[in-house]
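Below is one structure; the comments refer to it alone.
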Amino acid sequence: MTEQNPLFSRLTTTLAEESRTPLYKRFATSIKEAVRDGILLHEEILPSERDFSQLLGISRITVRKAMDELEKEGVVFRSRGYGTQICSQFEYSLKEPKGLSQQAVLRGKKPDTVWINKSKILCSAEIGEKLGLSKDSEVYLLKRIRYVDQQAVSVEESWVPARFIADADDIGISLYDYFNKHQILPVKSQSRVSARMPDEALQQQIALPANVPVLVIKQLALDAQGNPLEYSISYCRSDMYVFIAE
């Protein structure tokens, strides 16, 4: 259990703190933070519920509830006779009104972004139709490479009506963090998913083998009144994403 010492040290400290948050939720949060900080690695097998219970002095019910929550969030995978394993793939909900960065953080992973383009342009008729705008209306074109736990996982292009962005340089890792900061609230999304083989440029941008297809996600984010806020096209590694639609 030597390799687990940093994990158990973190768990012991977290669980000993005075808090109104239920014990199992603090346990689950510590596991997610350990994944994000590299203490737990993808595909790593976790100790058993009994080991956690005995070494931490907590009930197995508490451990089980934490693992149930982590499994539901896509942080761990459990199988009978094999144990509990840190997931190697990133589960991404197509229906949650959250961007990739927010979903990654909730699952204990570390997101990052390398921006390729942040520019104001005149939109095409196709993009205008998606956003409820006339052709040649001003929009921001945002193009970036998305990372999860330092691994390039997708290339994304977004178009946002110019009125929603005062200064594109204020957009950091997450466009949705920028939206929330300015009380722009996406509440639902419409998505279409297809697959194709990557071209050479895409292979270089996300270090993708030629025989691994990409999933093409076309997504429209809407506010509570059904007004379009963002239209995006994402090219995602099919070997690193699991998309959830329910």
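Each chain in the structure tokens gets a letter, A, B, ..., in the order shown, and its residues are numbered from 1; ligands are numbered from 1 in order too.
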**Per-residue DSSP, stretch 43-170 of chain A, filtered to strand (DSSP E), as a PyMOL selection string** = chain A and resi 76-79+83-86+90-93+111-122+138-148+151-161
**Nearby residues (only C-alpha atoms) at most 9 Å from A:Leu133, same-chain spacing under 6 positions excluded, as a PyMOL selection string** = chain A and resi 123+125+127+161
**Request:** Skip A:Leu46 itself and residues of its chain fewer than 5 positions away, then list as a PyMOL selection string all residues within 8 Å of it, counting only C-alpha atoms.
**Result:** chain A and resi 83-86
**Every residue of stretch 47-205 of chain A that DSSP places in helix (DSSP H, G or I), as a PyMOL selection string** = chain A and resi 49-56+60-72+100-106+125-131+162-164+168-170+175-181+200-205
**Request:** Name the residues in contact with A:Leu185 at a cut-off of 9 Å, using only C-alpha atoms, excluding same-chain residues fewer than 2 positions from it; report them as a ChimeraX atom specification.
**Result:** /A:97,176,179-180,182-183,187,222-224,229
**Item:** Shortest interatomic distance to A:Gln150 - which of A:Pro186, A:Gly172, A:Gly38, A:Pro22, counting only C-alpha atoms
**Value:** A:Gly38
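Take atom CA of A:Leu131 and atom CA of A:Pro228: the distance between them is 5.2 Å.
Atom CA of A:Leu175 lies 24.4 Å from atom CA of A:Gln203.
Among the candidates A:Thr113, A:Met67, A:Thr13, A:Glu44, the residue lying nearest to A:Lys25 is A:Met67 (atoms considered: only C-alpha atoms).
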